[in-house]
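This report concerns only the one structure given below.
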Protein chains: 2
Amino acid sequence: MIRVAICAPSASLPRELAEQVQHVAAGYGDVELHFHDQCFAEEGHFAGPDEVRLAALVECANDTNYDAVWFARGGYGSNRIAEEAIARMGPAAQGKIWLGSSDGGYLLGALYKAGIGRPVHAPMPLDIKRDHGADAVEAVLSWLSGDTAQLEPNLDGRPTAAFNLMTLAMLSGTPLMPDLSGHVVMVEEVSEYLYAIDRLFFHVTANLPRSVLGLRLGRVSDIPENDRPFGMTAQQIARHWCERTGIPFLGEADIGHDAANRIVPFGVTDRDASLGLAGFTLGKPRSWQ
Amino acid sequence: MIRVAICAPSASLPRELAEQVQHVAAGYGDVELHFHDQCFAEEGHFAGPDEVRLAALVECANDTNYDAVWFARGGYGSNRIAEEAIARMGPAAQGKIWLGSSDGGYLLGALYKAGIGRPVHAPMPLDIKRDHGADAVEAVLSWLSGDTAQLEPNLDGRPTAAFNLMTLAMLSGTPLMPDLSGHVVMVEEVSEYLYAIDRLFFHVTANLPRSVLGLRLGRVSDIPENDRPFGMTAQQIARHWCERTGIPFLGEADIGHDAANRIVPFGVTDRDASLGLAGFTLGKPRSWQ
């Protein structure tokens, strides 16, 4: 049995979506989901003030009853509490899996930098509201139940990390940014103009360490229409900046802001290991980088 | 007589706007404007392909007939050619004033880093299309004619630089980024959600050197309405991140994406010097930082 605590370090989750997720989870006997009440808090843009989101995250992190912490959704805000949260995490946080994506990438990055537990890029509870959203939630539940087929198909045994492109751009140079030397980096984006994608690639490729193993491009979806065509596709943009900065462009990644977003454990994935998490045992401090 | 070459390192300028600018300039006998034909080129998002924009910029930079180079407009793209342009600039570029803002900030930053001429945050020819847009163009022409009243009113003799917030965020950590240690930094923004403003301040305050003298906030305009209120104003956001990172918040700056955008020479401004440019003589290499 894997017990999963769900909190909302960024924006608020509608209560009815939590119920829908629980309904799906009822079909997975090996996984138990606990939605922290803070998921439903609201203050301005966020799921409660910084202190409230921080307290809930730290509570989930340090509670020995849980094996994993799942971020309820993105929507902006986890960067505001990530550094302080890491500072307050105790031994129980070490053996946990951390699940999320999009804005949750600030936390995944900071946890990876701190070497706390195993950060995993994955769909989130809010994804239930998408077309075929139950598939996204089932992918996580199925993976937690031992189905390694849910892992991103291009994971090749080399250290890997996956981010929303904007999140990675904003992480760069901050105290939350992990060292991605010797890593394959996967990025995806949603709802950004192509000129903004180009600008983000300029920034990200200049800021990644020169020893990065390469970049993979996930889906770039819901691109708004501009007053004029940009003149390059998202993949042409990625190739352009990789070429300019000497970063190998490795092709596509099966991640994105959609129900088909696949699971990418940070670090090394070994499909023959439990959950694909090489060197990691749930509930136990370990080394895996 | 100050002779100004105008080129478009980012997006294209409509020809009729150039005519309107020339019409205004006819009232300023001490200033002569030359629009490079490249201003009107178009390819996809840009005022011509990278090579065409690069060639025009380098041509203006190295032409001894001109005392200043004015960027026709922003709109994204100068970051794609800035590094190569700097590398191709010869002695004639050293004695020039460089005028622009918004996306032009990539070039102003790169020129400042390279110590080439005097970069100046200023309105641009495209601003003629704004409400009271002639005022913006007149501010530049009047300043070039010797009117130091057009300088941003908070310039206090300490080294200063002014940027669009997004531009500064994307510059950070790239080869174009100047060292802003010991500088007052002014920022302004347009058409970004408040959550994006918060995200940019997180990034920028973490990336600025700890020895920055302080931050001033220009106008943050045309903020799109989100599905929920953010809960803080732009100034509260700026204060929040300054406080968290130990950067003094110095108050407002009279800059923005509007016709009242004022002039901010990079480096030290001395209102008693010609054009306010302490230690700078047009057409002559000098040290001014």
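Note on naming: chains are A, B, ... as they come in the structure tokens, residues start from 1 per chain, ligands start from 1 in the order shown.
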Which residues of chain A have any atom within 10 Å of an atom in chain B when counting only C-alpha atoms, and what is the closest pair of atoms for each, with the distance in Å to one decimal? Order the rows by chain and rising number and write it as a tab-separated table.
residue	atom	partner	partner_atom	distance
A:Glu43	CA	B:Gly231	CA	7.4
A:Gly44	CA	B:Gly231	CA	4.5
A:His45	CA	B:Phe230	CA	4.6
A:Phe46	CA	B:Phe230	CA	7.9
A:Pro49	CA	B:Gly231	CA	9.9
A:Gly75	CA	B:Tyr195	CA	9.1
A:Tyr76	CA	B:Tyr195	CA	7.0
A:Gly77	CA	B:Arg199	CA	8.2
A:Asn79	CA	B:Phe202	CA	7.9
A:Arg80	CA	B:Phe202	CA	7.9
A:Met166	CA	B:Arg199	CA	9.7
A:Thr167	CA	B:Arg199	CA	9.1
A:Ala169	CA	B:Met170	CA	8.1
A:Met170	CA	B:His203	CA	5.4
A:Leu171	CA	B:His203	CA	6.9
A:Ser172	CA	B:His203	CA	7.7
A:Gly173	CA	B:Asn207	CA	5.7
A:Thr174	CA	B:Ala206	CA	5.3
A:Pro175	CA	B:Ala206	CA	7.5
A:Leu176	CA	B:Ala206	CA	9.9
A:Leu194	CA	B:His45	CA	9.4
A:Tyr195	CA	B:Tyr76	CA	7.0
A:Ala196	CA	B:Tyr76	CA	8.5
A:Asp198	CA	B:Gly77	CA	8.9
A:Arg199	CA	B:Met170	CA	7.1
A:Leu200	CA	B:Met170	CA	7.2
A:Phe201	CA	B:Met170	CA	9.5
A:Phe202	CA	B:Met170	CA	7.7
A:His203	CA	B:Met170	CA	5.4
A:Val204	CA	B:Met170	CA	8.6
A:Thr205	CA	B:Thr174	CA	8.8
A:Ala206	CA	B:Thr174	CA	5.3
A:Asn207	CA	B:Gly173	CA	5.7
A:Leu208	CA	B:Gly173	CA	9.4
A:Asn226	CA	B:His45	CA	9.1
A:Asp227	CA	B:His45	CA	9.0
A:Arg228	CA	B:His45	CA	6.2
A:Pro229	CA	B:Gly44	CA	5.4
A:Phe230	CA	B:His45	CA	4.5
A:Gly231	CA	B:Gly44	CA	4.5
A:Met232	CA	B:Gly44	CA	8.1
A:Trp241	CA	B:Arg80	CA	9.5
Write the selection just made, keeping C-alpha atoms, as a tab-separated table (two decimals), in the first residue's frame?
chain	number	residue	atom	x	y	z
A	43	GLU	CA	-6.51	33.67	-1.06
A	44	GLY	CA	-6.18	35.82	-4.15
A	45	HIS	CA	-4.29	33.81	-6.74
A	46	PHE	CA	-3.17	31.12	-4.31
A	49	PRO	CA	-1.44	32.63	2.01
A	75	GLY	CA	-1.10	27.62	-11.45
A	76	TYR	CA	1.85	29.57	-9.97
A	77	GLY	CA	3.09	30.06	-6.44
A	79	ASN	CA	8.41	29.17	-5.85
A	80	ARG	CA	7.32	31.54	-3.07
A	166	MET	CA	8.82	28.85	-18.24
A	167	THR	CA	9.34	27.23	-14.85
A	169	ALA	CA	13.61	29.62	-17.15
A	170	MET	CA	12.48	31.25	-13.91
A	171	LEU	CA	14.33	28.68	-11.75
A	172	SER	CA	17.64	29.49	-13.46
A	173	GLY	CA	20.06	31.35	-11.25
A	174	THR	CA	17.83	31.15	-8.17
A	175	PRO	CA	18.63	29.27	-4.95
A	176	LEU	CA	16.12	26.59	-6.05
A	194	LEU	CA	6.10	31.41	-30.26
A	195	TYR	CA	8.17	34.58	-29.82
A	196	ALA	CA	8.00	33.96	-26.06
A	198	ASP	CA	12.04	31.62	-28.62
A	199	ARG	CA	12.89	34.06	-25.81
A	200	LEU	CA	12.65	31.30	-23.21
A	201	PHE	CA	14.92	29.01	-25.22
A	202	PHE	CA	17.44	31.87	-25.55
A	203	HIS	CA	17.42	32.18	-21.76
A	204	VAL	CA	17.32	28.50	-20.86
A	205	THR	CA	20.00	27.30	-23.28
A	206	ALA	CA	22.32	30.11	-22.14
A	207	ASN	CA	21.75	29.22	-18.49
A	208	LEU	CA	21.99	25.41	-18.66
A	226	ASN	CA	-0.19	36.50	-32.87
A	227	ASP	CA	-0.79	39.45	-35.22
A	228	ARG	CA	1.82	37.89	-37.56
A	229	PRO	CA	3.20	34.36	-37.99
A	230	PHE	CA	6.44	33.78	-36.09
A	231	GLY	CA	8.14	31.96	-38.94
A	232	MET	CA	9.44	28.91	-37.06
A	241	TRP	CA	19.00	27.49	-29.76
Report the residues of range 21-192 of chain B whose backbone DSSP state falls under alpha helix (DSSP H), written as JSON, numbers by chain.
{"B": [21, 22, 23, 24, 25, 50, 51, 52, 53, 54, 55, 56, 57, 58, 59, 60, 61, 62, 82, 83, 84, 85, 86, 87, 91, 92, 93, 94, 105, 106, 107, 108, 109, 110, 111, 112, 113, 114, 133, 134, 135, 136, 137, 138, 139, 140, 141, 142, 143, 144, 165, 166, 167, 168, 169, 170, 171]}
Please determine, counting only C-alpha atoms, which residue among B:Leu57, B:Val190, B:Ala68, B:Leu217 has the shortest atom-to-atom distance to Leu144 in chain B.
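Residue with the minimum atom-to-atom distance to Leu144 in chain B: B:Ala68.
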Nearest residue to Gly48 in chain A from the set A:Ala149, A:Leu168, A:Leu107, A:Ile81 (distances using only C-alpha atoms)
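Answer, going by the shortest atom-to-atom distance: A:Ile81.
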Members of range 85-195 of chain B assigned strand (DSSP E or B) by DSSP, as a count of residues only:
21
As a PyMOL selection string, please: the residues near range 219-222 of chain A (cut-off 6 Å, only C-alpha atoms, same-chain neighbours under 5 positions excluded).
chain A and resi 188-191+256
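Interatomic distance, CA of Asp103 in chain A to CA of Val264 in chain A: 15.4 Å.
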Separation of CA of Gly100 in chain B from CA of Phe71 in chain B, in Å and rounded to one decimal:
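A separation of 5.2 Å between them.
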